[in-house]
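Here is the structure we will look at.
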Amino acid sequence: MTAMTSVPSPRFRINRHRRLAWLGSGLACGLSLLGLALCWLNPAIHAPLRPGLDFTGGTQVQVERDCAPCKPVTPVEVREGLSRLTLPSPEGERAPSLGSASVQVLDSGRSLLLRLPALDADQSTALIDDLGERFGPLRSSGTSVNTIGPTLGSRLLRGSLISLLVSFVAISVYISFSYSGIFAVLALLCLAHDVLITCGLFAWLGLLQGIEVDSLFAVSLITIAGYSVNDTVVVYDRIREQRRNLADLPMVDQVDVAVDATLTRSLYTSFTTLLPLVALIFFGGSTLFWFAVALTVGIAVGSWSSIGLAPTLLPVFSKR
Amino acid sequence: MGRQQGWFALILALTIASGALLANYGLQLGLDLRGGSQLTLQVMPAGAITRVDTEQLEAVKDVLERRINGLGVAESTLQAVGSDQLVLQLPGEQDPSQAARVLGSTALLEFRAQKPGTEQEMQGLLGLKRQAESVLRSKRPPSALDDPTATPPPPPASLSAEDLAKALTSLGIKVPAGASEVDQLELLLRETNRRILALYGPPLITGKDLTSAGRQQQATGTGWEVTLGFNREGGEKFAALTQSIAGTSRVLGIVLDGRSISEASVGEQFKVAGITGGSASITGNFSAEEARDLEVQLRGGSLPLPVKIVEVRTVGPSLGAENIRSSLVAGLSGLALVAVFMAVVYRLPGMVAVVALSLYAVFNLAIYALIPVTLTLPGIAGFILSMGMAVDANVLIFERIKEELRAGNTLIRSIDTGFSLALSSIIDGHVTGLISCAALFFLGTGLVKGFAVTLAIGLLLSLFTALTCTRTLLRLLMSYPGLRRPTYFLPARQLPPVRSGAASAGAA
């Protein structure tokens with residue numbers, strides 16, 4: 001269809017900078033792995049990422065005090081009362097002890113966030129009544145109780161991992177057919193790179209800031225994976241086209257032309273996808289904040305890997 | 001041109017249909033967006049059943065549905081999830097703990113007669129049980145759920161530490177070191193209950209024989225009682241049962257979920273015919289709340305399999321409202337910026353894309369209302385991602401059109417070539433996306449499924465809007481000669497110098 005006869009000279013040749021690109025990605029991956037390892041070695045976490053309630057199981061109670069200004073409260077005060085509290089327990093079972101509870105005071109004393117062993121409905125009601133007596137009055141509309149069985153988190157994790165792996169396999173089969181095996185391998189490598197760096201960032205955030213990952217984080221990883229493949233495939237499509245149009249040139253040049261031609265598109269697309277996400281970070285609710293952060297980082301990294309990583313590795317692996 | 005107009009008519013019809021759909025049905029918001037609580041109940045295998053199948057799950061669901069209706073909570077939904085779980089959603093400010101109490105127990109009610117020759121043992125056990133119960137009751141903090149109008153229970157019969165220790169050893173209970181008084185009392189209660197059950201004969205009447213249940217304040221004392229109505233067969237059995245123990249000091253035991261909740265003796269006067277009339281009442285010294293819970297449970301029937309509440313999630317409605325408002329504001333302002341960006345960078349086709357993408361959003365929402373899809377936070381994430389891909393498809397097309405224009409092609413030809421060249425990359429991107437959606441939908445759980453559904457809908461629609469809506473609208477505009485200017489597509493300095501042959505070549 002196109003009537004391009006002259007060899008185009010790309011303004012930007014990605015392969016001239018490929019060592020720098022590899023170095024950057026390598027460093028980021030190394031740092032991420034280090035973060036994950038440090039998290040794992042940390043006795044308080046003992047997992048690659050600091051797991052939230054969704055994965056550990058237990059009960060999380062958040063109450064909002066109806067007062068302005070509020071009398072200041074310290075976590076120690078809250079915990080002291082908890083250890084004295086006797087909870088009702090169903091026949092044949094002992095009420096869990098609340099000594100191990102973790103307490104956070106948020107919004108300059110206006111709301112309390114408690115992480116406890118799993119409580120049943122009566123027990124959490126008794127607990128909230130007790131908190132209301134000591135720190136009340138509480139706003140009933142600001143109260144939230146979440147109880148998660150530990151098996152649910154692992155079920156969710158296993159379900160998402162299995163479905164991710166199956167979709168990886170299916171996608172690589174598709175790419176192998178419409179491109180070639182090496183394209184599929186590199187697309188998956190890019191995807192792993194994007195997911196790894198996002199996880200690495202949250203490992204560091206978990207270590208330094210105590211940020212926990214929840215099930216929304218798992219969803220964001222899946223989103224990033226989907227975006228990463230889409231972004232890479234568009235660049236691949238151009239490379240495939242250039243291999244037909246510029247069959248005489250070495251692959252490095254074909255790739256350079258293709259990346260240059262899709263560069264504007266890649267940047268614009270990332271930019272337009274990031275706009276709503278950045279808006280969510282700055283104006284969205286607190287529940288969506290870390291979700292939006294994970295997506296923003298993942299999509300930025302995904303865009304980078306589809307420009308700087310997959311196309312530059314392609315000539316290296318296709319040589320043989 | 002006829003074909004374009006056909007497409008245009010289709011798009012117009014779809015837009016009107018979507019608007020009507022949205023106006024009539026509205027969107028279903030998940031609990032994380034509107035506030036409420038969600039209980040996950042796990043059905044446990046019991047007895048001969050080692051694996052819960054769909055049929056049993058349905059049977060449990062039926063009973064639970066009747067109980068939920070009895071509770072009178074508004075707009076609740078109960079759904080089966082997987083092969084052995086049920087999820088109950090209670091929107092708004094409804095107390096999940098009551099639902100948890102009422103739904104969580106099996107509510108297997110049995111009427112049993114005491115075996116002959118065990119009178120003395122039973123009396124001792126009942127005495128101990130009464131004492132332990134009243135001491136325990138006084139130890140518990142008064143719950144807010146108790147009826148505030150009810151008079152407080154009478155002061156407990158004292159049970160000194162010495163008596164308690166004696167009672168425990170007499171029943172052969174070893175008290176673990178460091179057990180509190182409450183723990184010891186509970187141990188005592190459990191053991192007396194176990195021994196009382198052993199003195200009963202087999203269950204003669206069960207909850208299946210009931211036709212109705214109600215509650216009323218006790219005529220004497222402070223508590224509430226639960227009234228029962230038997231069916232004909234149940235009434236006959238009840239008469240026979242009461243006749244058999246009338247006038248003896250043996251008791252009629254009412255057992256709920258393996259716990260003896262009431263022990264009644266039957267008076268001499270029923271020796272002839274038993275208690276007839278097909279009704280009875282349980283005076284278990286219930287609080288108003290307990291009586292109501294039991295009434296609802298008995299009306300709904302007992303569960304064929306026990307359930308366990310494995311998850312309770314509550315989001316205060318204000319939290320949900322704040323979430324949805326701020327997410328909406330953020331999302332819309334982000335999209336407004338995207339629209340401005342598209343119009344500035346791509347000029348005329350950019351504006352066309354903004355229209356096409358607005359239609360895209362409307363179609364998406366209409367499908368959510370139609371299926372219906374319950375919108376949750378992960379669902380919104382799926383929508384954002386598909387929106388990103390829809391914008392991407394337009395960007396891909398317009399970049400191609402620009403390239404063709406820069407290469408010196410005519411406008412109409414550049415548009416056609418732009419669409420056809422961008423097609424393969426758009427399809428590849430969307431197909432890979434749909435592949436992962438399929439995997440996530442069929443293998444993922446709850447949250448992930450919601451994400452996969454909205455993403456898949458978004459991807460399919462995005463293919464439609466990019467390839468039809470944008471194209472049709474652009475072609476329609478190009479039928480007006482005044483709009484057929486390359487400078488409406490890209491800055492003049494990027495255009496090659498006009499050659500005389502180019503214009504005529506494009507017309508062919």
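Numbering starts fresh at 1 for the residues of each chain in the structure tokens, the chains themselves are lettered A, B, ... in the order given, and ligands are numbered from 1 as they appear.
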Check your understanding: What residues in chain A lie within 7 Å of chain B, counting only C-alpha atoms, written as a PyMOL selection string?
Key -> chain A and resi 121-122+141-149+156+159-160+162-164+166-167+170-171+216+219+226+230+233-234+237+265+269+272-273+275-276+279-280+283-285
May I have the selected residues written with N, CA and C atoms, as a tab-separated table (two decimals), in the first residue's frame?
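The result, written out as again_8.tsv:
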chain	number	residue	atom	x	y	z
A	121	ALA	N	-18.92	-11.42	64.51
A	121	ALA	CA	-19.75	-10.21	64.49
A	121	ALA	C	-19.97	-9.65	65.89
A	122	ASP	N	-20.29	-10.55	66.86
A	122	ASP	CA	-20.55	-10.07	68.21
A	122	ASP	C	-19.31	-9.44	68.81
A	141	SER	N	-21.49	6.24	60.43
A	141	SER	CA	-21.30	6.09	58.99
A	141	SER	C	-19.82	5.99	58.63
A	142	GLY	N	-18.94	6.33	59.58
A	142	GLY	CA	-17.51	6.23	59.27
A	142	GLY	C	-16.89	4.95	59.78
A	143	THR	N	-17.73	4.06	60.34
A	143	THR	CA	-17.21	2.82	60.90
A	143	THR	C	-17.13	1.75	59.82
A	144	SER	N	-15.99	1.08	59.76
A	144	SER	CA	-15.94	-0.03	58.83
A	144	SER	C	-15.25	-1.22	59.47
A	145	VAL	N	-15.83	-2.39	59.30
A	145	VAL	CA	-15.27	-3.62	59.85
A	145	VAL	C	-15.02	-4.58	58.70
A	146	ASN	N	-13.81	-5.07	58.61
A	146	ASN	CA	-13.53	-6.07	57.60
A	146	ASN	C	-12.92	-7.29	58.25
A	147	THR	N	-13.53	-8.44	58.00
A	147	THR	CA	-12.95	-9.69	58.50
A	147	THR	C	-12.67	-10.59	57.32
A	148	ILE	N	-11.44	-11.03	57.22
A	148	ILE	CA	-11.05	-11.85	56.09
A	148	ILE	C	-10.44	-13.14	56.62
A	149	GLY	N	-10.96	-14.26	56.15
A	149	GLY	CA	-10.33	-15.53	56.49
A	149	GLY	C	-9.01	-15.63	55.75
A	156	LEU	N	-7.38	-15.93	46.39
A	156	LEU	CA	-7.32	-14.82	45.43
A	156	LEU	C	-5.97	-14.80	44.72
A	159	GLY	N	-5.64	-17.80	42.42
A	159	GLY	CA	-6.49	-17.59	41.24
A	159	GLY	C	-5.86	-16.61	40.28
A	160	SER	N	-5.35	-15.47	40.82
A	160	SER	CA	-4.80	-14.47	39.90
A	160	SER	C	-3.51	-14.98	39.27
A	162	ILE	N	-2.62	-18.14	38.63
A	162	ILE	CA	-2.91	-19.15	37.61
A	162	ILE	C	-3.45	-18.48	36.35
A	163	SER	N	-4.41	-17.54	36.53
A	163	SER	CA	-5.00	-16.93	35.35
A	163	SER	C	-3.96	-16.10	34.60
A	164	LEU	N	-3.05	-15.45	35.35
A	164	LEU	CA	-2.00	-14.68	34.68
A	164	LEU	C	-1.11	-15.60	33.86
A	166	VAL	N	-1.76	-18.57	32.64
A	166	VAL	CA	-2.47	-19.10	31.47
A	166	VAL	C	-2.56	-18.03	30.38
A	167	SER	N	-2.84	-16.77	30.78
A	167	SER	CA	-2.95	-15.74	29.75
A	167	SER	C	-1.58	-15.47	29.12
A	170	ALA	N	-1.17	-18.17	26.54
A	170	ALA	CA	-2.04	-17.96	25.39
A	170	ALA	C	-1.54	-16.79	24.53
A	171	ILE	N	-1.10	-15.72	25.22
A	171	ILE	CA	-0.62	-14.57	24.46
A	171	ILE	C	0.65	-14.92	23.69
A	216	LEU	N	-6.35	-5.12	45.53
A	216	LEU	CA	-6.35	-4.16	44.43
A	216	LEU	C	-4.97	-4.09	43.78
A	219	VAL	N	-4.82	-6.70	41.28
A	219	VAL	CA	-5.54	-6.26	40.08
A	219	VAL	C	-4.67	-5.31	39.26
A	226	GLY	N	-1.45	-6.45	31.06
A	226	GLY	CA	-2.24	-6.27	29.85
A	226	GLY	C	-1.76	-5.08	29.04
A	230	ASN	N	0.07	-4.97	25.15
A	230	ASN	CA	-0.54	-4.15	24.11
A	230	ASN	C	0.46	-3.15	23.54
A	233	VAL	N	3.16	-4.91	21.46
A	233	VAL	CA	2.68	-5.49	20.22
A	233	VAL	C	2.58	-4.44	19.11
A	234	VAL	N	2.22	-3.20	19.46
A	234	VAL	CA	2.11	-2.16	18.45
A	234	VAL	C	3.49	-1.87	17.82
A	237	ASP	N	4.33	-4.68	15.54
A	237	ASP	CA	3.60	-4.60	14.28
A	237	ASP	C	4.37	-3.75	13.28
A	265	ARG	N	3.49	7.93	18.81
A	265	ARG	CA	2.30	7.21	19.24
A	265	ARG	C	2.49	6.64	20.64
A	269	THR	N	0.20	7.81	23.67
A	269	THR	CA	-0.72	6.85	24.29
A	269	THR	C	-0.47	6.73	25.78
A	272	THR	N	-1.80	9.85	27.44
A	272	THR	CA	-3.25	9.93	27.60
A	272	THR	C	-3.76	8.91	28.62
A	273	THR	N	-3.08	7.75	28.73
A	273	THR	CA	-3.53	6.79	29.74
A	273	THR	C	-3.15	7.26	31.13
A	275	LEU	N	-2.87	10.35	32.16
A	275	LEU	CA	-3.61	11.53	32.62
A	275	LEU	C	-4.71	11.21	33.63
A	276	PRO	N	-5.66	10.30	33.31
A	276	PRO	CA	-6.69	9.99	34.32
A	276	PRO	C	-6.10	9.38	35.59
A	279	ALA	N	-4.62	12.02	37.68
A	279	ALA	CA	-5.75	12.74	38.29
A	279	ALA	C	-6.27	11.96	39.49
A	280	LEU	N	-6.32	10.60	39.38
A	280	LEU	CA	-6.77	9.78	40.50
A	280	LEU	C	-5.83	9.91	41.69
A	283	PHE	N	-6.51	13.64	43.01
A	283	PHE	CA	-7.86	14.01	43.43
A	283	PHE	C	-8.70	12.82	43.88
A	284	GLY	N	-8.23	11.58	43.64
A	284	GLY	CA	-9.04	10.40	43.95
A	284	GLY	C	-9.10	10.17	45.45
A	285	GLY	N	-9.99	9.25	45.86
A	285	GLY	CA	-10.14	8.94	47.27
A	285	GLY	C	-8.92	8.21	47.81
Check your understanding: If you run DSSP on this backbone, which residues of segment 38-269 of chain A come out as strand (DSSP E), and could you give them as a PyMOL selection string?
Key -> chain A and resi 58-65+102-106+111-116+138-148
Check your understanding: Per DSSP on the backbone, what are the alpha helix (DSSP H) residues of segment 84-260 of chain A, as number ranges by chain?
Key -> A: 84, 121-135, 150-178, 181-209, 215-245, 251-260
Exercise for review: Go ahead and compute the interatomic distance for atom CA of Leu228 of chain B and atom CA of Arg195 of chain B, in Å to one decimal.
Suggested key: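 The value is 26.4 Å.
Across A:Ser270, A:Gln62, A:Thr198, A:Asn42, the tightest approach to Gly132 of chain A is made by A:Gln62 when counting only C-alpha atoms.
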Exercise for review: Go ahead and compute the interatomic distance for atom CA of Thr220 of chain B and atom CA of Ile261 of chain B, in Å to one decimal.
Suggested key: 18.2 Å
**Study point:** Closest of A:Ala294, A:Pro75, A:Gly206, A:Val316 to Ile222 of chain A - atom-to-atom distances counting only C-alpha atoms
**Key:**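 When distances to Ile222 of chain A are compared using only C-alpha atoms, the smallest one comes from A:Ala294.
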